[in-house]
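Novice: For reference, this is final39.tsv, and it has TSV, C-alpha atoms.
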chain	number	residue	atom	x	y	z
R	282	MET	CA	126.00	116.89	77.05
R	283	SER	CA	123.27	116.25	79.64
R	284	GLU	CA	120.16	114.36	78.69
R	285	LEU	CA	116.83	116.15	78.89
R	286	ARG	CA	114.18	115.12	81.35
R	287	GLN	CA	110.63	116.24	81.86
R	288	GLN	CA	109.41	118.47	84.67
R	289	ILE	CA	105.65	118.52	85.20
R	290	LEU	CA	104.03	121.51	86.85
R	291	ILE	CA	100.36	121.25	87.72
R	292	LEU	CA	98.61	124.53	88.37
R	293	HIS	CA	95.05	124.90	89.59
R	294	LEU	CA	93.45	128.26	88.90
R	295	ALA	CA	90.62	130.10	90.60
R	296	TYR	CA	88.78	130.46	87.29
R	297	PRO	CA	89.10	128.74	83.89
R	298	GLU	CA	90.80	131.62	82.10
R	299	LEU	CA	94.53	131.03	81.84
R	300	ASP	CA	95.55	134.32	83.44
R	301	SER	CA	93.46	133.86	86.59
R	302	GLN	CA	95.09	133.35	89.96
R	303	ALA	CA	96.90	130.11	90.78
R	304	VAL	CA	95.39	128.55	93.92
R	305	ALA	CA	97.23	125.23	94.03
R	306	TRP	CA	100.42	123.88	92.55
R	307	ALA	CA	102.54	120.74	92.39
R	308	LEU	CA	105.88	120.08	90.74
R	309	TYR	CA	107.09	116.63	89.70
R	310	ASP	CA	110.71	116.85	88.66
R	311	GLY	CA	111.92	114.05	86.38
R	312	ALA	CA	115.35	115.67	86.15
R	313	ALA	CA	116.04	115.30	89.85
R	314	PRO	CA	117.96	112.31	91.21
R	315	GLN	CA	115.94	109.44	92.60
R	316	ASP	CA	116.90	110.24	96.17
R	317	ALA	CA	116.11	113.97	95.89
R	318	ARG	CA	113.16	115.31	97.86
R	319	GLN	CA	110.35	116.22	95.50
R	320	MET	CA	107.87	118.96	96.30
R	321	GLN	CA	105.63	117.74	99.09
R	322	SER	CA	102.52	118.89	100.91
R	323	GLY	CA	102.87	122.11	102.84
R	324	ASP	CA	106.39	123.07	101.81
R	325	GLN	CA	105.52	126.34	100.04
R	326	GLU	CA	103.21	129.22	100.85
R	327	GLU	CA	103.23	131.05	97.53
R	328	PRO	CA	102.65	129.62	94.05
R	329	PRO	CA	105.70	129.70	91.77
R	330	TYR	CA	103.73	131.63	89.12
R	331	ARG	CA	100.73	133.91	89.43
R	332	SER	CA	98.91	132.13	86.63
R	333	VAL	CA	99.35	129.69	83.75
R	334	LEU	CA	100.09	132.59	81.44
R	335	HIS	CA	102.91	133.74	83.72
R	336	ALA	CA	104.38	130.23	83.67
R	337	MET	CA	104.16	130.09	79.88
R	338	ARG	CA	106.17	133.30	79.67
R	339	GLU	CA	108.86	131.60	81.77
R	340	GLY	CA	109.24	128.71	79.35
R	341	TRP	CA	106.62	126.22	80.47
R	342	PHE	CA	104.60	124.49	77.76
R	343	LEU	CA	100.96	123.63	78.32
R	344	LEU	CA	100.17	119.94	77.91
R	345	GLN	CA	96.60	119.69	79.09
R	346	ILE	CA	93.62	121.86	79.92
R	347	SER	CA	90.89	120.32	82.01
R	348	PRO	CA	87.43	120.27	80.41
R	349	LEU	CA	84.89	122.62	81.90
R	350	PRO	CA	82.67	121.11	84.60
R	351	TYR	CA	79.35	119.55	83.61
R	352	TYR	CA	76.61	120.32	86.09
R	353	VAL	CA	74.18	117.49	86.71
R	354	ARG	CA	70.69	118.65	87.57
R	355	GLY	CA	70.07	118.01	91.24
R	356	GLN	CA	73.77	118.13	92.07
R	357	GLU	CA	74.47	121.66	90.84
R	358	HIS	CA	76.00	122.85	94.09
R	359	GLU	CA	78.18	119.87	94.92
R	360	THR	CA	81.93	120.30	94.75
R	361	GLY	CA	84.83	117.90	94.79
R	362	HIS	CA	88.29	118.10	93.26
R	363	LEU	CA	89.82	121.36	92.17
R	364	PRO	CA	88.24	121.98	88.78
R	365	TYR	CA	90.52	124.17	86.68
R	366	GLU	CA	93.63	122.07	86.34
R	367	TYR	CA	96.46	122.85	83.91
R	368	VAL	CA	99.38	120.52	83.27
R	369	LEU	CA	102.58	122.13	82.02
R	370	GLU	CA	105.93	120.70	81.08
R	371	ARG	CA	109.48	121.84	80.69
R	372	ARG	CA	112.40	119.74	79.47
R	373	VAL	CA	115.62	120.41	81.30
R	374	PRO	CA	119.02	118.75	81.68
R	375	THR	CA	119.26	116.20	84.47
R	376	HIS	CA	120.35	117.73	87.75
R	377	ASP	CA	123.87	116.53	88.60
K	271	MET	CA	85.71	101.44	125.41
K	272	THR	CA	85.37	101.41	129.16
K	273	SER	CA	82.08	101.72	130.91
K	274	SER	CA	83.43	104.76	132.76
K	275	THR	CA	83.25	106.75	129.54
K	276	ALA	CA	79.66	107.82	129.84
K	277	GLY	CA	78.13	108.98	126.60
K	278	LEU	CA	81.00	107.69	124.48
K	279	LEU	CA	80.10	104.18	123.58
K	280	ASP	CA	80.96	101.36	121.20
K	281	THR	CA	77.31	101.22	120.30
K	282	PRO	CA	74.55	103.78	120.76
K	283	ALA	CA	73.50	104.02	124.39
K	284	LYS	CA	70.30	102.36	125.46
K	285	GLU	CA	69.93	104.89	128.23
K	286	PRO	CA	70.53	108.38	126.89
K	287	TYR	CA	73.43	110.20	128.45
K	288	ALA	CA	72.27	113.26	130.33
K	289	GLY	CA	74.77	115.55	128.69
K	290	VAL	CA	76.74	118.49	129.99
K	291	SER	CA	75.34	121.79	131.11
K	292	ARG	CA	74.60	124.42	128.49
K	293	GLU	CA	77.57	126.59	129.42
K	294	TYR	CA	79.91	124.03	127.85
K	295	LEU	CA	78.13	123.87	124.50
K	296	LEU	CA	79.43	125.66	121.43
K	297	THR	CA	77.91	129.06	120.82
K	298	ALA	CA	76.14	129.91	117.58
K	299	LYS	CA	79.15	131.94	116.44
K	300	GLN	CA	81.49	129.03	117.09
K	301	MET	CA	79.18	126.64	115.30
K	302	ALA	CA	78.93	129.00	112.34
K	303	GLN	CA	82.72	129.08	112.16
K	304	PHE	CA	82.77	125.29	112.18
K	305	ALA	CA	80.28	125.27	109.31
K	306	VAL	CA	82.54	127.60	107.33
K	307	ASP	CA	85.96	126.14	108.07
K	308	GLY	CA	85.16	122.52	108.90
K	309	TYR	CA	87.13	122.61	112.13
K	310	LEU	CA	87.62	124.40	115.43
K	311	LEU	CA	90.97	124.64	117.20
K	312	PHE	CA	91.18	125.35	120.92
K	313	ASP	CA	94.70	126.25	121.99
K	314	ALA	CA	96.09	125.12	125.36
K	315	PHE	CA	92.62	123.83	126.15
K	316	VAL	CA	93.43	120.75	128.20
K	317	PRO	CA	94.97	121.41	131.65
K	318	GLN	CA	98.74	121.12	131.71
K	319	GLU	CA	98.78	118.62	134.55
K	320	LEU	CA	96.72	116.24	132.41
K	321	ASN	CA	98.81	116.96	129.31
K	322	GLU	CA	101.91	115.90	131.22
K	323	ARG	CA	100.34	112.62	132.29
K	324	VAL	CA	99.23	111.86	128.74
K	325	TYR	CA	102.65	112.78	127.38
K	326	ALA	CA	104.31	110.44	129.88
K	327	ASP	CA	102.07	107.60	128.71
K	328	GLN	CA	102.85	108.40	125.06
K	329	CYS	CA	106.59	108.42	125.68
K	330	ALA	CA	106.25	105.10	127.53
K	331	GLY	CA	104.51	103.51	124.56
K	332	LYS	CA	101.14	103.45	126.34
K	333	GLY	CA	99.45	106.31	124.53
K	334	HIS	CA	96.58	104.42	122.93
K	335	TRP	CA	92.95	104.73	124.00
K	336	HIS	CA	92.73	101.41	125.78
K	337	ASP	CA	96.18	101.73	127.36
K	338	SER	CA	95.96	105.20	128.84
K	339	GLU	CA	93.52	106.22	131.52
K	340	SER	CA	94.82	109.75	131.12
K	341	ILE	CA	93.90	110.02	127.44
K	342	ARG	CA	90.37	108.87	128.23
K	343	GLU	CA	90.29	111.47	130.99
K	344	VAL	CA	90.85	114.19	128.38
K	345	PHE	CA	87.56	113.23	126.80
K	346	GLU	CA	85.78	113.27	130.15
K	347	LEU	CA	86.52	116.96	130.68
K	348	PRO	CA	83.20	118.80	130.58
K	349	GLN	CA	84.58	121.45	128.24
K	350	VAL	CA	85.64	118.72	125.77
K	351	LYS	CA	82.42	116.75	126.18
K	352	GLY	CA	80.45	119.95	125.63
K	353	ILE	CA	82.05	120.49	122.24
K	354	LEU	CA	81.54	116.88	121.25
K	355	GLN	CA	77.94	117.05	122.39
K	356	SER	CA	77.44	120.19	120.31
K	357	LEU	CA	78.67	118.38	117.22
K	358	LEU	CA	77.53	114.80	117.78
K	359	GLY	CA	74.81	114.79	120.39
K	360	VAL	CA	74.59	112.92	123.64
K	361	ASN	CA	75.33	109.46	122.25
K	362	PRO	CA	78.53	109.72	120.22
K	363	VAL	CA	79.78	106.36	119.03
K	364	TYR	CA	83.43	105.33	119.09
K	365	ASP	CA	84.70	104.67	115.57
K	366	HIS	CA	88.44	104.36	116.04
K	367	SER	CA	91.39	106.08	117.60
K	368	ALA	CA	95.07	106.24	116.79
K	369	LEU	CA	98.25	107.72	118.12
K	370	HIS	CA	99.96	109.37	115.17
K	371	VAL	CA	103.69	109.67	115.70
K	372	VAL	CA	106.17	111.70	113.65
K	373	GLY	CA	109.66	110.81	114.70
K	374	PRO	CA	112.58	113.22	115.25
K	375	GLN	CA	113.95	114.67	112.01
K	376	GLN	CA	111.37	112.82	109.95
K	377	HIS	CA	111.25	115.07	106.91
K	378	LYS	CA	108.80	113.24	104.69
K	379	ALA	CA	105.36	114.82	104.60
K	380	GLN	CA	102.20	112.82	104.22
K	381	ALA	CA	100.13	113.27	101.07
K	382	TRP	CA	96.88	115.21	101.14
K	383	HIS	CA	93.91	112.99	101.90
K	384	ALA	CA	90.46	112.87	103.45
K	385	ASP	CA	89.89	110.03	105.85
K	386	SER	CA	87.78	106.98	105.21
K	387	ILE	CA	85.73	106.89	102.02
K	388	ILE	CA	83.22	109.02	100.11
K	389	ASP	CA	80.42	109.61	102.60
K	390	ALA	CA	76.90	108.80	101.45
K	391	ARG	CA	75.24	110.90	104.13
K	392	PRO	CA	74.10	114.28	102.77
K	393	PHE	CA	75.03	116.37	105.81
K	394	ALA	CA	75.67	114.10	108.77
K	395	PHE	CA	79.31	113.94	109.72
K	396	ASP	CA	81.79	112.22	111.98
K	397	VAL	CA	84.17	114.23	114.12
K	398	GLN	CA	87.89	113.67	114.31
K	399	THR	CA	89.50	115.13	117.37
K	400	MET	CA	93.20	115.84	117.18
K	401	TYR	CA	94.84	116.39	120.54
K	402	PHE	CA	98.42	117.46	121.21
K	403	SER	CA	99.79	116.80	124.70
K	404	HIS	CA	102.88	118.94	124.05
K	405	ASP	CA	103.63	122.22	122.31
K	406	VAL	CA	103.37	121.92	118.54
K	407	PRO	CA	105.14	124.85	116.88
K	408	LYS	CA	105.47	124.70	113.10
K	409	GLU	CA	108.85	122.95	113.12
K	410	THR	CA	107.43	119.92	114.98
K	411	GLY	CA	104.99	119.19	112.16
K	412	PRO	CA	101.48	119.86	113.40
K	413	THR	CA	98.82	118.54	111.02
K	414	LEU	CA	98.24	120.54	107.84
K	415	ILE	CA	94.61	121.20	106.93
K	416	LEU	CA	92.72	123.04	104.21
K	417	PRO	CA	89.99	125.15	105.86
K	418	GLY	CA	86.70	125.01	103.99
K	419	SER	CA	87.36	121.71	102.21
K	420	HIS	CA	85.06	119.59	104.37
K	421	LEU	CA	81.96	119.61	102.14
K	422	ARG	CA	83.81	118.47	99.01
K	423	ARG	CA	83.21	114.98	97.73
K	424	VAL	CA	86.56	113.31	97.25
K	425	SER	CA	87.75	109.79	97.81
K	426	ASN	CA	90.45	109.38	100.42
K	427	MET	CA	93.74	109.71	98.48
K	428	SER	CA	92.21	111.12	95.30
K	429	ILE	CA	93.60	114.55	96.29
K	430	SER	CA	97.16	113.31	96.78
K	431	ARG	CA	98.33	114.82	93.47
K	432	TYR	CA	98.00	118.27	95.06
K	433	LYS	CA	100.99	119.56	97.00
K	434	ASN	CA	100.37	123.13	98.07
K	435	ILE	CA	97.10	125.00	98.20
K	436	VAL	CA	96.46	128.65	98.98
K	437	GLY	CA	94.97	128.88	102.48
K	438	GLN	CA	96.49	125.66	103.83
K	439	THR	CA	97.31	126.01	107.51
K	440	GLN	CA	98.85	123.93	110.27
K	441	LEU	CA	97.24	123.17	113.63
K	442	ILE	CA	99.94	125.07	115.50
K	443	GLY	CA	99.36	125.33	119.23
K	444	ARG	CA	100.58	124.98	122.76
K	445	ALA	CA	100.35	121.86	124.89
K	446	GLY	CA	96.73	120.90	125.35
K	447	ALA	CA	95.68	122.13	121.92
K	448	ILE	CA	92.73	120.17	120.63
K	449	ALA	CA	91.01	120.44	117.27
K	450	PHE	CA	87.63	119.12	116.22
K	451	LEU	CA	87.46	118.33	112.52
K	452	HIS	CA	84.58	117.50	110.23
K	453	HIS	CA	85.60	114.10	108.84
K	454	GLY	CA	85.68	115.42	105.28
K	455	LEU	CA	88.38	118.02	105.93
K	456	TRP	CA	91.47	117.62	103.73
K	457	HIS	CA	94.60	117.12	105.82
K	458	CYS	CA	98.05	115.54	106.02
K	459	ALA	CA	100.87	115.03	108.51
K	460	GLN	CA	103.87	117.32	108.21
K	461	PRO	CA	107.64	116.95	108.62
K	462	ASN	CA	109.22	117.15	112.03
K	463	TYR	CA	112.43	119.19	111.95
K	464	THR	CA	113.15	118.84	115.68
K	465	ASP	CA	114.90	116.16	117.71
K	466	LYS	CA	111.72	115.38	119.65
K	467	THR	CA	108.94	112.99	118.74
K	468	ARG	CA	105.63	114.60	117.77
K	469	TYR	CA	102.52	112.88	119.10
K	470	MET	CA	98.98	113.51	117.94
K	471	PHE	CA	96.15	111.51	119.44
K	472	LYS	CA	93.20	111.12	117.10
K	473	LEU	CA	89.76	109.97	118.16
K	474	ARG	CA	87.04	109.53	115.57
K	475	LEU	CA	83.44	109.53	116.72
K	476	ARG	CA	80.21	109.26	114.80
K	477	PRO	CA	76.87	110.64	115.84
K	478	GLY	CA	74.30	108.50	117.56
K	479	GLN	CA	71.51	110.80	116.46
K	480	GLU	CA	70.71	113.49	113.90
K	481	GLN	CA	72.99	116.47	114.38
K	482	ARG	CA	70.21	119.01	114.46
K	483	GLY	CA	70.13	121.77	117.04
K	484	LEU	CA	72.75	120.23	119.31
K	485	PHE	CA	74.76	123.36	120.13
K	486	ASN	CA	73.69	126.43	122.11
K	487	THR	CA	71.41	127.75	119.40
K	488	ASP	CA	70.76	131.10	121.07
K	489	GLY	CA	70.98	133.79	118.41
K	490	TYR	CA	71.69	131.40	115.54
K	491	ASP	CA	69.93	133.72	113.09
K	492	ASP	CA	71.33	137.00	114.45
K	493	PRO	CA	73.08	139.27	111.95
K	494	GLU	CA	76.57	138.56	113.27
K	495	VAL	CA	76.06	134.81	113.11
K	496	ARG	CA	74.53	135.09	109.64
K	497	ARG	CA	77.54	137.11	108.55
K	498	ILE	CA	79.87	134.31	109.66
K	499	ALA	CA	77.82	131.41	108.31
K	500	GLY	CA	76.79	133.00	105.04
K	501	GLY	CA	79.60	135.31	104.05
K	502	PHE	CA	81.61	134.59	100.96
K	503	PRO	CA	84.12	134.16	99.59
K	504	HIS	CA	85.61	132.77	102.77
K	505	HIS	CA	88.43	130.84	101.21
K	506	GLY	CA	90.30	132.25	98.24
K	507	TRP	CA	91.25	128.86	96.85
K	508	GLN	CA	87.60	128.13	96.08
K	509	GLY	CA	87.56	130.63	93.22
K	510	ASP	CA	84.62	130.16	90.89
K	511	GLN	CA	83.18	127.49	93.19
K	512	ALA	CA	82.85	129.84	96.15
K	513	ARG	CA	79.18	130.37	95.30
K	514	ALA	CA	78.43	126.66	95.09
K	515	GLU	CA	80.29	126.18	98.37
K	516	ASN	CA	78.23	128.97	99.88
K	517	VAL	CA	74.99	127.24	98.92
K	518	GLN	CA	76.19	123.88	100.19
K	519	ARG	CA	77.16	125.52	103.46
K	520	ALA	CA	73.79	127.23	103.74
K	521	LYS	CA	72.13	123.80	103.45
K	522	PHE	CA	74.56	122.44	106.05
K	523	TRP	CA	73.69	125.36	108.35
K	524	ARG	CA	70.01	124.50	108.12
K	525	TYR	CA	70.84	120.98	109.22
K	526	LEU	CA	72.98	122.14	112.14
K	527	CYS	CA	70.38	124.67	113.28
K	528	ASP	CA	67.45	122.28	112.82
K	529	ASP	CA	65.72	125.03	110.89
K	530	ASP	CA	64.93	124.27	107.26
K	531	SER	CA	63.78	127.83	106.63
K	532	VAL	CA	66.90	129.73	107.69
K	533	ASP	CA	68.74	130.97	104.60
K	534	VAL	CA	72.30	132.30	104.79
K	535	ALA	CA	73.03	131.68	101.11
K	536	PHE	CA	74.13	134.69	99.07
K	537	GLU	CA	71.21	136.52	97.43
K	538	GLY	CA	68.86	134.25	99.40
K	539	VAL	CA	69.37	131.52	96.84
K	540	LEU	CA	67.72	128.75	98.85
K	541	THR	CA	64.58	130.83	99.25
K	542	ARG	CA	64.63	132.14	95.69
K	543	MET	CA	64.91	128.66	94.23
K	544	GLY	CA	62.50	127.08	96.70
K	545	ILE	CA	65.18	124.74	97.99
Spell out the structure here as C-alpha cells.
Specialist:
Amino acid sequence: MSELRQQILILHLAYPELDSQAVAWALYDGAAPQDARQMQSGDQEEPPYRSVLHAMREGWFLLQISPLPYYVRGQEHETGHLPYEYVLERRVPTHD
Amino acid sequence: MTSSTAGLLDTPAKEPYAGVSREYLLTAKQMAQFAVDGYLLFDAFVPQELNERVYADQCAGKGHWHDSESIREVFELPQVKGILQSLLGVNPVYDHSALHVVGPQQHKAQAWHADSIIDARPFAFDVQTMYFSHDVPKETGPTLILPGSHLRRVSNMSISRYKNIVGQTQLIGRAGAIAFLHHGLWHCAQPNYTDKTRYMFKLRLRPGQEQRGLFNTDGYDDPEVRRIAGGFPHHGWQGDQARAENVQRAKFWRYLCDDDSVDVAFEGVLTRMGI
C-alpha cells in the first residue's frame, strides 16, 4: 500500500468570500518524485478550480485563511502582495 | 559607459543633454498606457540590420554593454532615446546592464520577482529596457510579466510563492522587440523549448531628474487619455484592490503629467478627499 503525501494548493481569490474567482494559483506536490517538475511560473493559463469552494467540492481541505487586510491611515491605497490567500491540502498516495 | 553615449551617463550630466525632437517622445495615450500596465512593448522596433549585428556579438560572447558597440548603438537610436527621455528625462543614469541567456531546451522557469529592493521613492521609478535581437515566439521563453503590478510594494523574491496569475503575459515579439518596464513590474524568465539560445539584453536606468512632464503632454487630460489612465478595473487579477490601484495610479498620473490637480481616479476620489 502506498504511503500518503501532502499536496498543497494555494489559491488567491479576487475577493475574500470563498466562492469568488481564483486569480492566482500554485501547487506544491509532496507526492511527486524529487526529480519531477513541479508547477512553475507561467505554465498554466487557467486556474485548476474556479474558487476555493469548487476545490473543496473536489476533495481539497482548507488549511488556512488569510486574515483580512488592516488599512493604516495614510497608506489606505497602497497595495502589495495578493491579499486573499487560501491554503488547501490533499493527501494522496506517492506517485510511482 | 562611453563618452559617445550622450545623455546616458554613469553620473548625472553636468551639461544637460539637449534631448531628441518632440516627434520621438511618447504620446499622452502611450504614457497613459504605461501608467496602467507598467510597461510598453514595441515590436520589431530596432532595425534588422542592427539586430543582426547585436545578435552576432551575443553569439560570439561579446553581448555585454561594454563589449558591444552595436548594443550601445541600439540606445543611440532617436526613437529609443525618445522613449527613454519620455520616461527618465534628459539625464538618465546608468544603473546596470546584463545579458540574460536561456540556453537551448532549458525548461526550468525563473520564479516571480521584482528587481532590486522595496523602493522608498513614492512615485519616481527606474526603467528596465528588455531588448531582443532575434524573434522571440512563446516557445523560446520571452520574459513573463504581470501587467499592472508595478505600483505594488513587494520585496524582490517575496512573490516567488506565486506560480500562475490571471493576466500574466509574455513579451512575445519579432527581432528588434524592445520593452520598457517600470522597475516594480513583476516578471520572470521562461523556459526555452527550442534548440536555439534565447538572448535578452537588459539595461536599467534611473532618472537624473524628477519625472514630471517629460513626455509629449499634448492632450494629457483629453477624454480618451483620461479613459485609458483612469479606467478600471483594468486587470482582473486585482479584484477587490482594483479601486485602491486606481487611486494609486491616479496619483502616479499626476506625477507623470506634472499636474497635481488632474484627477483620473474613479468618482473623482482625489478631488473628493482633498488629496
Novice: Counting only C-alpha atoms, what are the residues of chain K within 9 Å of chain R, and for each of them which pair of atoms is the nearest and at what distance in Å, to one decimal? Sort the table by chain and rising number, as JSON lines.
Specialist:
{"residue": "K:Lys378", "atom": "CA", "partner": "R:Gln321", "partner_atom": "CA", "distance": 7.9}
{"residue": "K:Ala379", "atom": "CA", "partner": "R:Ser322", "partner_atom": "CA", "distance": 6.2}
{"residue": "K:Gln380", "atom": "CA", "partner": "R:Ser322", "partner_atom": "CA", "distance": 6.9}
{"residue": "K:Ala381", "atom": "CA", "partner": "R:Ser322", "partner_atom": "CA", "distance": 6.1}
{"residue": "K:Trp382", "atom": "CA", "partner": "R:Ser322", "partner_atom": "CA", "distance": 6.7}
{"residue": "K:Leu414", "atom": "CA", "partner": "R:Gly323", "partner_atom": "CA", "distance": 7.0}
{"residue": "K:Ser419", "atom": "CA", "partner": "R:Gly361", "partner_atom": "CA", "distance": 8.7}
{"residue": "K:Leu421", "atom": "CA", "partner": "R:Thr360", "partner_atom": "CA", "distance": 7.4}
{"residue": "K:Arg422", "atom": "CA", "partner": "R:Gly361", "partner_atom": "CA", "distance": 4.4}
{"residue": "K:Arg423", "atom": "CA", "partner": "R:Gly361", "partner_atom": "CA", "distance": 4.4}
{"residue": "K:Val424", "atom": "CA", "partner": "R:Gly361", "partner_atom": "CA", "distance": 5.5}
{"residue": "K:Ser428", "atom": "CA", "partner": "R:His362", "partner_atom": "CA", "distance": 8.3}
{"residue": "K:Ile429", "atom": "CA", "partner": "R:His362", "partner_atom": "CA", "distance": 7.1}
{"residue": "K:Ser430", "atom": "CA", "partner": "R:Ser322", "partner_atom": "CA", "distance": 8.8}
{"residue": "K:Arg431", "atom": "CA", "partner": "R:Ala307", "partner_atom": "CA", "distance": 7.3}
{"residue": "K:Tyr432", "atom": "CA", "partner": "R:Ala307", "partner_atom": "CA", "distance": 5.8}
{"residue": "K:Lys433", "atom": "CA", "partner": "R:Ser322", "partner_atom": "CA", "distance": 4.3}
{"residue": "K:Asn434", "atom": "CA", "partner": "R:Gly323", "partner_atom": "CA", "distance": 5.5}
{"residue": "K:Ile435", "atom": "CA", "partner": "R:Ala305", "partner_atom": "CA", "distance": 4.2}
{"residue": "K:Val436", "atom": "CA", "partner": "R:Val304", "partner_atom": "CA", "distance": 5.2}
{"residue": "K:Gly437", "atom": "CA", "partner": "R:Glu326", "partner_atom": "CA", "distance": 8.4}
{"residue": "K:Gln438", "atom": "CA", "partner": "R:Gly323", "partner_atom": "CA", "distance": 7.4}
{"residue": "K:Thr439", "atom": "CA", "partner": "R:Gly323", "partner_atom": "CA", "distance": 8.2}
{"residue": "K:Gln440", "atom": "CA", "partner": "R:Gly323", "partner_atom": "CA", "distance": 8.6}
{"residue": "K:Cys458", "atom": "CA", "partner": "R:Ser322", "partner_atom": "CA", "distance": 7.6}
{"residue": "K:Ala459", "atom": "CA", "partner": "R:Ser322", "partner_atom": "CA", "distance": 8.7}
{"residue": "K:Gln460", "atom": "CA", "partner": "R:Gly323", "partner_atom": "CA", "distance": 7.3}
{"residue": "K:Gly506", "atom": "CA", "partner": "R:Val304", "partner_atom": "CA", "distance": 7.6}
{"residue": "K:Trp507", "atom": "CA", "partner": "R:Val304", "partner_atom": "CA", "distance": 5.1}
{"residue": "K:Gln508", "atom": "CA", "partner": "R:Ala295", "partner_atom": "CA", "distance": 6.6}
{"residue": "K:Gly509", "atom": "CA", "partner": "R:Ala295", "partner_atom": "CA", "distance": 4.1}
{"residue": "K:Asp510", "atom": "CA", "partner": "R:Tyr296", "partner_atom": "CA", "distance": 5.5}
{"residue": "K:Gln511", "atom": "CA", "partner": "R:Thr360", "partner_atom": "CA", "distance": 7.5}
{"residue": "K:Arg513", "atom": "CA", "partner": "R:His358", "partner_atom": "CA", "distance": 8.3}
{"residue": "K:Ala514", "atom": "CA", "partner": "R:His358", "partner_atom": "CA", "distance": 4.6}
{"residue": "K:Glu515", "atom": "CA", "partner": "R:His358", "partner_atom": "CA", "distance": 6.9}
{"residue": "K:Asn516", "atom": "CA", "partner": "R:His358", "partner_atom": "CA", "distance": 8.7}
{"residue": "K:Val517", "atom": "CA", "partner": "R:His358", "partner_atom": "CA", "distance": 6.6}
{"residue": "K:Gln518", "atom": "CA", "partner": "R:His358", "partner_atom": "CA", "distance": 6.2}
Novice: Please list as a VMD selection string every residue within 7 Å of R:Leu369, counting all atoms listed in the file and excluding residues in the same chain fewer than 2 positions away.
Specialist: chain R and resid 289 to 291 341 to 344 367
Novice: Centre and edge lengths, as JSON, for the axis-aligned box enclosing every listed atom of stretch 313-325 of chain R with 8 Å of padding on each of the six sides, in Å to one decimal?
Specialist:
{"center_x": 110.2, "center_y": 117.9, "center_z": 96.3, "size_x": 31.4, "size_y": 32.9, "size_z": 29.0}
Novice: Applying 6 Å and all atoms listed in the file, which residues near K:Pro362 remain after dropping the ones on its own chain fewer than 4 positions away? List them as JSON, numbers by chain.
Specialist: {"K": [278, 358, 476, 477, 478]}
Novice: For atom CA of K:Met400 and atom CA of K:Gln376, determine how far apart the two atoms are, in Å to one decimal place.
Specialist: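 According to the coordinates, atom CA of K:Met400 and atom CA of K:Gln376 are separated by 19.8 Å.
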Novice: (88.4, 123.6, 124.6) in this file's frame - what residues fall within 9 Å of it? Use only C-alpha atoms and give the answer as a VMD selection string.
Specialist: chain K and resid 311 to 316 349 to 350 352 to 353 446 to 449
Novice: Let me make sure I understand: among K:His370, K:His420, K:Arg542, K:His457, which one has the smallest atom-to-atom distance to K:Ile388 if we use only C-alpha atoms?
Specialist: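 Among the listed residues, the smallest separation from K:Ile388 belongs to K:His420.
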Novice: Please indicate the distance in Å from atom CA of K:Pro374 to atom CA of K:Ile442, rounded to one decimal place.
Specialist: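 These atoms are spaced 17.3 Å apart.
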Novice: What is the atom CA of K:Pro392 to atom CA of K:Ile415 distance in Å?
Specialist: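 Distance reported for this atom pair: 22.0 Å.
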Novice: Just checking: using only C-alpha atoms, which residue out of K:Leu473, K:Met427, K:Leu320, K:Ile341 ends up closest to K:Phe450?
Specialist: K:Leu473
Novice: Taking only C-alpha atoms into account, name the residue in K:Val397, K:His452, K:Thr467, K:His383 that is nearest to K:Thr410.
Specialist: K:Thr467
Novice: With all atoms listed in the file as the basis for distance, which of R:Gly311, R:Pro350, R:Pro374, R:Pro329 is at the shortest distance from R:Gln287?
Specialist: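 Result for the nearest residue to R:Gln287: R:Gly311.
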Novice: Given all atoms listed in the file as the basis, pick out the residue of R:Leu299, R:Val373, R:Ala312, R:Val368 nearest to R:Ser332.
Specialist: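 Of R:Leu299, R:Val373, R:Ala312, R:Val368, the one nearest R:Ser332, counting all atoms listed in the file, is R:Leu299.
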